[in-house]
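Undergrad: Here it is: the structure, laid out below.
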Amino acid sequence: MRWLGRLMVALTLAFSGLTVAAEQQLGAQGAKLLLTRAGFAPNDAEVAAYASLSHAAAVERLLAGVRTTAVTPAPSWIDERFVAPRELRSMTEEARRAELQKQIRMGLDLRGWWLREMVATPSPLTERMTLFWHNHFVSAQPKVRYTQLMYRQNVLLRGHALGRFDELLHAVAKDPAMLIYLDSATNRRGSPNENFAREVMELFTLGEGKYTEDDIKQAARAFTGWSIDLATGDYTFRRFLHDGGEKTVFGKAGNFDGDAVLDLILAQPVVAEFIVRKLWREFVSPQPDEARVKRIAAQFRASGWSIAQPVRALLLQPEVIARDEDNALVKSPADLVVGFVRQSGGELSQPVAAAVALAGMGQNLFSPPNVRGWPGGEAWINTHTLLARKQFLERALGGTADGKSSAEASMDDSMSGSMKVGEQPRRRLQMLEQTVSVRIDSETWLARAGVAPERVVAPGTRARLEQAVLAVPATSPVRDGSLGLDALRTIVLDPAYQLK
Amino acid sequence: MDRRTFLSASSALLSCATLPAWAAPAAPRLLILIELRGGNDALNTVIPIDDGAYFDLRPRLALKADAVARFAGAPALHPSLAPLESLWRDGQMAILQGVGYPLPNLSHFRSIEIWDTASDSQQFLQTGWLTRTADKQAAFAALSADGVVIGAADLGPLAGGARAVALNDPARFARQARLASADGIPARGALAHVLRVESDIVRAGADVRSDVSFKTEFPRGVFGLAVQHAAGIAASGKVPVLRLTLSGFDTHQNQLGIHANLLKVVAESVVALRAALGEHGVWDRTLILTYSEFGRRPRENQSGGTDHGTAGTLFAFGPHVRGGVHGDAPSLRSLDGSGNLRHTTDFRCVYASVLEHWWQLPSERVLQRRFEPVRFIS
């Protein structure tokens, strides 16, 4: 029956358009590159589990493991009562300040919670896609304010992370944090607010220039009445604020409501290409290949908007497992920190401090800089952020005593003593920034790679270590005669470590 | 068009430019930007004390005629600005009124982005106006960095490709800079970018000194420290642009005390910069410019504060400014549909003046089209 097996393989190859390369074993190098891009830098066990698989089988396994919920227990405060803005205004100065302090504290906690999930999850791909959608359907806490709503949005994004794009779009459009962030909650008949209507077309679906100003004006009328129940913080439709009149969007006329307009948008063929192009930059390379984008976008539409469809197709691109400078992607701060912890087998000892470190590197989770999100790519790296990255890595490797022990001590104080009303959050943030937020054991890390920490590293071992840690060749090779720990430090501080 | 006609055509366009930059790549003079983050309330900074509408709009927040600072020949100013009197008297203080842009955006983030990138209201540009200024300019390239941003993570007008250094503390930066290396090896793609930033750090790290001493006393607090750092870097003479950020101007509530404190910090900082840079002979080639993402709503709100507005007032300081008032104050009697001021001067006309009159550079390449410079630099 072996001929039948071969025939099946041949047919599969012919129909899926995969190359023979996809059937070869990934090997440790390929597994590392794939897992890093699909999720975060993997540990040795994950690499070993995937190295013997083919590229195609590995991608299927990643997709089979996708989750819709977090494994980390939800923060304790998620059901805290929602204090409506009007109520907040009527409070005494002291009570109001206490409430705002509470929101700040919960906001920090939320960031730490997500980072813990990124480290702990059995499906890093799920968290990568949740983060991808967070940076696509942007809402930011400074405007939304309510930490509970930011948490709920995160739950929503994870639930749909590799589900159906059309369902995700409809759901996120009515998500309370989004309703606040893009002013839908104040969009009413007679004086429409165009914010959501504009961004849903420009940034979420179509891309700039694929609609007219009039499409936006008319769509904004359709979204009127989408609002928030101030008692619960849930979505509610306020019929008396809704403009039920006729609108014309993309040349079609009708008494559209918001959902109808979203469906009109989804009927535009450019949507799938817009999303696939962005996913390409997330998974494959900085420059999308237009021919392949179009092909994958067509499959995306044909699949009934299954997000797993383009993710599978993109993870199967040969660039994903090639150790190649031209296609290298810049690690986001989350990639850097979470990947470092996972790769080294370390732990996130101070998740909140790690989140503050991330913010110092330019990625304040739950608070992208504006509705376009973090621009990413090369924009992640400037003089300030690069030094912040290197300092984080150096501290984590124990390379400097720069205030470490005292900062850790005062951190413990402030955590156990819980924040007092009136305590300056800024000072606390500065302190957190100085805190060592991850704990790794470089000796164990080296030992797993077969390197003795205090002994001179042989050239062959050095090359192996470099390959295991870096996605592209190092720019300043480890010096001859380096001890194990120095070699590791040199490799991690190499500019190449900023890439994946 | 041959090169000769191109040159004469462009110099005809640039009626104000005296010396084309490509003729002499001398070190560009220093621009210190002070960003008043949050939206400074222009109406309580330079006060329309003779306009009854001001008192009608601000029953609680209006500053009384006997409480404001009066310098000879100057409009009424917030009392916290009193330390600036010597600069005004010496003709080293210019007030630029009614500065804004068409179709104002009232979001902090979007509006500061418009200011930083010098874009139209509905246009998204990826590069800061100073990034475009420094691009391909030999005079900038000869320096350690195109600019240094102190005390803020965002690069603002230097975003999108300038050799910009962001730091909080020069001493710490110099210590950290040893973590960077610049081997000058060839690289492609994103790696080339990382290596370029590494070499920016190394280059600036060698020149950003933290050991400059001053007799001048700087204001106390975090911002005073940032001003001192700025003065130290300015004294090195190796950076053409410095940007400082003072936060807290988003005064929706209890504005009076907060605003008074902030303006006091601004005034004392400018006075300190003049003295400190004078000590090191750098003041003579310095221009200080304040800016903010927008002004605030003329009508006060119910919380003793003001909401987001539109046009603002900028200050320029330095031995080469034309002291006095430039531009018209927007009328309080013809507000726009959202009850905000109508700007009288486009902010890009201010930038045009910095480019053409301060640096002798053509402005249209940076600003995308012609903006008539405000003549506040002599």
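Lettering and numbering for the structure tokens are positional, with chains as A, B, ... in the shown order, residues counted from 1 in each chain, and ligands counted from 1 in the shown order.
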Once you count only C-alpha atoms, which residues of chain B turn out to be within 10 Å of chain A? Could you give them as number ranges by chain?

TA: B: 107-110, 113, 126, 148-149, 152-155, 159-168, 173, 176-202, 204, 303

Undergrad: Once you have the residues from the selection above, write them out as a compact mmCIF listing (two decimals), in the first residue's frame, restricted to C-alpha atoms.

TA:
```
# COMPACT_ATOMS: atom_id res chain seq x y z
CA SER B 107 -7.13 65.07 19.65
CA HIS B 108 -3.85 65.50 21.52
CA PHE B 109 -2.21 62.67 19.64
CA ARG B 110 -3.35 63.61 16.20
CA GLU B 113 1.42 64.64 15.04
CA GLN B 126 5.63 59.47 8.28
CA VAL B 148 18.56 65.27 20.93
CA VAL B 149 15.20 64.68 22.59
CA ALA B 152 10.33 62.02 26.23
CA ALA B 153 10.25 58.69 24.47
CA ASP B 154 8.78 59.97 21.22
CA LEU B 155 11.05 61.70 18.75
CA ALA B 159 10.77 60.93 13.99
CA GLY B 160 11.01 58.83 10.88
CA GLY B 161 14.69 58.63 10.10
CA ALA B 162 16.66 61.49 11.61
CA ARG B 163 19.80 60.70 13.56
CA ALA B 164 17.95 61.56 16.71
CA VAL B 165 19.05 60.66 20.19
CA ALA B 166 16.42 60.31 22.87
CA LEU B 167 17.75 60.41 26.39
CA ASN B 168 16.71 61.30 29.90
CA PHE B 173 23.20 57.74 28.19
CA GLN B 176 24.63 52.96 28.36
CA ALA B 177 26.20 53.91 25.05
CA ARG B 178 28.97 51.42 25.75
CA LEU B 179 26.36 48.72 25.13
CA ALA B 180 26.28 49.77 21.51
CA SER B 181 28.92 48.93 18.99
CA ALA B 182 29.58 50.25 15.52
CA ASP B 183 31.71 47.96 13.47
CA GLY B 184 30.68 49.47 10.18
CA ILE B 185 30.11 46.08 8.62
CA PRO B 186 27.86 45.97 5.58
CA ALA B 187 24.35 44.73 6.22
CA ARG B 188 21.02 44.60 4.43
CA GLY B 189 17.41 45.07 5.41
CA ALA B 190 16.38 45.65 9.00
CA LEU B 191 19.86 44.74 10.24
CA ALA B 192 21.26 47.75 8.37
CA HIS B 193 18.82 49.95 10.28
CA VAL B 194 19.78 48.51 13.67
CA LEU B 195 23.46 49.00 12.87
CA ARG B 196 22.84 52.57 11.81
CA VAL B 197 21.12 53.32 15.12
CA GLU B 198 23.99 51.63 16.95
CA SER B 199 26.46 53.91 15.24
CA ASP B 200 24.26 56.95 15.95
CA ILE B 201 24.48 56.03 19.62
CA VAL B 202 28.21 55.53 19.54
CA ALA B 204 26.51 60.80 19.98
CA SER B 303 -14.73 72.17 36.39
```

Undergrad: Just list as a compact mmCIF listing (two decimals) with N, CA and C atoms, in the first residue's frame whatever in range 143-361 of chain A DSSP marks as strand (DSSP E).

TA:
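selection_12.txt was written with the following content:
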```txt
# COMPACT_ATOMS: atom_id res chain seq x y z
N TRP A 226 -25.33 53.44 18.24
CA TRP A 226 -24.51 52.42 18.89
C TRP A 226 -23.91 53.06 20.14
N SER A 227 -24.22 52.51 21.28
CA SER A 227 -23.86 53.22 22.50
C SER A 227 -23.53 52.25 23.64
N ILE A 228 -23.31 52.82 24.79
CA ILE A 228 -22.93 52.03 25.96
C ILE A 228 -23.96 52.20 27.07
N ASP A 229 -24.29 51.10 27.70
CA ASP A 229 -25.13 51.15 28.89
C ASP A 229 -24.25 51.54 30.06
N ASP A 234 -21.91 47.74 29.04
CA ASP A 234 -22.17 46.89 27.88
C ASP A 234 -22.68 47.71 26.70
N TYR A 235 -22.57 47.08 25.51
CA TYR A 235 -23.11 47.71 24.30
C TYR A 235 -24.63 47.80 24.41
N THR A 236 -25.17 48.91 23.92
CA THR A 236 -26.62 48.99 23.82
C THR A 236 -26.98 49.82 22.60
N PHE A 237 -28.12 49.50 22.00
CA PHE A 237 -28.56 50.27 20.83
C PHE A 237 -29.62 51.26 21.28
N LYS A 247 -29.34 55.99 3.22
CA LYS A 247 -27.94 56.38 3.02
C LYS A 247 -27.44 55.74 1.73
N THR A 248 -26.42 56.36 1.16
CA THR A 248 -25.78 55.77 -0.02
C THR A 248 -24.31 55.53 0.30
N VAL A 249 -23.92 54.26 0.31
CA VAL A 249 -22.54 53.91 0.60
C VAL A 249 -22.00 53.04 -0.53
N LYS A 252 -24.40 52.23 -3.26
CA LYS A 252 -25.65 51.50 -2.99
C LYS A 252 -26.50 52.29 -2.00
N ALA A 253 -27.81 52.34 -2.26
CA ALA A 253 -28.70 53.11 -1.39
C ALA A 253 -29.59 52.18 -0.58
N GLY A 254 -29.89 52.59 0.64
CA GLY A 254 -30.78 51.79 1.48
C GLY A 254 -30.85 52.38 2.87
```

Undergrad: CA of Val47 in chain A and CA of Ala28 in chain A, how far apart in Å?

TA: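 Pair CA of Ala28 in chain A / CA of Val47 in chain A returns 5.9 Å.
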
Undergrad: Set the distance at 9 Å and use only C-alpha atoms: which residues neighbour Tyr291 in chain B once local chain neighbours fewer than 5 positions away are removed? I'd like the list as a tab-separated table (two decimals) with N, CA and C atoms, in the first residue's frame.

TA:
```tsv
chain	number	residue	atom	x	y	z
B	33	LEU	N	13.61	73.49	21.02
B	33	LEU	CA	12.16	73.45	21.03
B	33	LEU	C	11.69	73.09	22.44
B	34	ILE	N	10.72	73.83	22.93
B	34	ILE	CA	10.11	73.47	24.21
B	34	ILE	C	8.65	73.15	23.94
B	35	GLU	N	8.32	71.87	24.04
B	35	GLU	CA	6.94	71.44	23.79
B	35	GLU	C	6.15	71.55	25.09
B	36	LEU	N	5.04	72.30	25.02
B	36	LEU	CA	4.15	72.42	26.18
B	36	LEU	C	3.04	71.40	25.98
B	37	ARG	N	3.24	70.21	26.53
B	37	ARG	CA	2.39	69.07	26.17
B	37	ARG	C	1.06	69.09	26.91
B	39	GLY	N	-1.64	70.95	25.56
B	39	GLY	CA	-2.45	72.04	25.02
B	39	GLY	C	-2.43	73.25	25.94
B	40	ASN	N	-1.49	74.17	25.68
B	40	ASN	CA	-1.38	75.34	26.55
B	40	ASN	C	-2.51	76.32	26.31
B	115	TRP	N	1.49	68.84	14.02
B	115	TRP	CA	2.56	69.82	14.26
B	115	TRP	C	3.94	69.22	14.00
B	312	GLY	N	-3.08	78.66	19.04
B	312	GLY	CA	-2.28	78.92	20.23
B	312	GLY	C	-1.31	80.08	20.04
B	313	THR	N	-0.60	80.37	21.12
B	313	THR	CA	0.42	81.41	21.07
B	313	THR	C	1.77	80.76	21.27
B	314	LEU	N	2.73	81.12	20.43
B	314	LEU	CA	4.08	80.59	20.57
B	314	LEU	C	4.99	81.72	21.06
B	315	PHE	N	6.05	81.35	21.75
B	315	PHE	CA	7.08	82.30	22.11
B	315	PHE	C	8.37	81.91	21.41
```

Undergrad: Work out how far CA of Gln309 in chain A is from CA of Val284 in chain A, in Å to one decimal.

TA: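 Between CA of Val284 in chain A and CA of Gln309 in chain A the gap is 14.9 Å.
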
Undergrad: Using only C-alpha atoms, which protein or nucleic acid residues come within 8 Å of Ala322 in chain A? Drop anything in the same chain fewer than 3 positions from it, and give the result as an mmCIF file with N, CA and C atoms, in the first residue's frame.

TA:
```
data_model
loop_
_atom_site.group_PDB
_atom_site.id
_atom_site.type_symbol
_atom_site.label_atom_id
_atom_site.label_comp_id
_atom_site.auth_asym_id
_atom_site.auth_seq_id
_atom_site.Cartn_x
_atom_site.Cartn_y
_atom_site.Cartn_z
ATOM 1 N N GLY A 30 15.138 25.473 11.406
ATOM 2 C CA GLY A 30 13.861 25.813 10.792
ATOM 3 C C GLY A 30 12.750 25.895 11.830
ATOM 4 N N LEU A 33 13.030 29.167 13.752
ATOM 5 C CA LEU A 33 12.582 30.336 12.990
ATOM 6 C C LEU A 33 11.061 30.359 12.864
ATOM 7 N N PRO A 318 8.300 30.141 2.074
ATOM 8 C CA PRO A 318 9.683 29.709 2.334
ATOM 9 C C PRO A 318 10.497 30.743 3.139
ATOM 10 N N GLU A 319 10.167 32.023 3.017
ATOM 11 C CA GLU A 319 10.912 33.056 3.747
ATOM 12 C C GLU A 319 10.868 32.837 5.264
#
```

Undergrad: With a distance cut-off of 9 Å and only C-alpha atoms, select the neighbouring residues of His343 in chain B, excluding the residue or stretch itself and same-chain residues fewer than 5 positions from it, and output the selection as a ChimeraX atom specification.

TA: /B:97-102,310-312,328-330

Undergrad: Take the selection from the previous step and output its residues with C-alpha atoms, as a PDB file, in the first residue's frame.

TA:
```
ATOM      1  CA  GLN B  97      -0.201  84.933  18.033  1.00  0.00           C
ATOM      2  CA  GLY B  98      -3.074  82.940  16.577  1.00  0.00           C
ATOM      3  CA  VAL B  99      -0.946  80.057  15.334  1.00  0.00           C
ATOM      4  CA  GLY B 100      -2.837  76.980  14.147  1.00  0.00           C
ATOM      5  CA  TYR B 101      -3.963  75.239  10.973  1.00  0.00           C
ATOM      6  CA  PRO B 102      -7.116  74.748   8.902  1.00  0.00           C
ATOM      7  CA  THR B 310      -7.426  75.299  18.428  1.00  0.00           C
ATOM      8  CA  ALA B 311      -5.088  78.239  17.792  1.00  0.00           C
ATOM      9  CA  GLY B 312      -2.282  78.925  20.230  1.00  0.00           C
ATOM     10  CA  ASP B 328      -3.023  88.924  14.975  1.00  0.00           C
ATOM     11  CA  ALA B 329      -4.759  87.606  18.042  1.00  0.00           C
ATOM     12  CA  PRO B 330      -7.845  85.623  16.951  1.00  0.00           C
TER      13      PRO B 330
END
```

Undergrad: I'd like the neighbourhood of range 264-278 of chain A as a compact mmCIF listing (two decimals) with C-alpha atoms, in the first residue's frame, where a residue qualifies if any of its atoms comes within 6 Å (using only C-alpha atoms), though same-chain residues fewer than 4 positions away should be ignored.

TA:
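The resulting file, part26.txt, is shown below:
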```txt
# COMPACT_ATOMS: atom_id res chain seq x y z
CA THR A 205 -10.64 47.17 6.28
CA LEU A 206 -10.13 49.06 3.04
CA ALA A 297 -6.41 37.01 -0.32
```

Undergrad: Mind pulling up the distance from CA of Leu63 in chain B to CA of Gly318 in chain B?

TA: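 Separating CA of Gly318 in chain B from CA of Leu63 in chain B is a distance of 27.8 Å.
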
Undergrad: Assign secondary structure with DSSP using the backbone only, and return the residues of range 97-329 of chain B in helix (DSSP H, G or I) as a PyMOL selection string.

TA: chain B and resi 108-117+129-134+138-141+156-158+170-177+189-207+221-236+255-279+283-285

Undergrad: Which residue gives the smallest distance to Asp79 in chain A among A:Arg111, A:Arg37, A:Arg128, A:Arg152, with only C-alpha atoms counted?

TA: A:Arg152

Undergrad: Name the residues in contact with Ala354 in chain A at a cut-off of 9 Å, using only C-alpha atoms, excluding same-chain residues fewer than 2 positions from it; report them as a VMD selection string.

TA: chain A and resid 111 to 112 115 337 348 to 352 356 to 359 432 to 433 435 to 438

Undergrad: Between B:Pro28, B:Gly91, B:Gly147, B:Pro373, which residue has the minimum interatomic distance to Gly323 in chain B, considering only C-alpha atoms?

TA: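 Smallest separation from Gly323 in chain B among the options: B:Gly91.
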
Undergrad: Measuring between only C-alpha atoms, which one of B:Arg132, B:Lys264, B:Arg348, B:His357 shows the shortest distance to Arg369 in chain B?

TA: B:Arg348
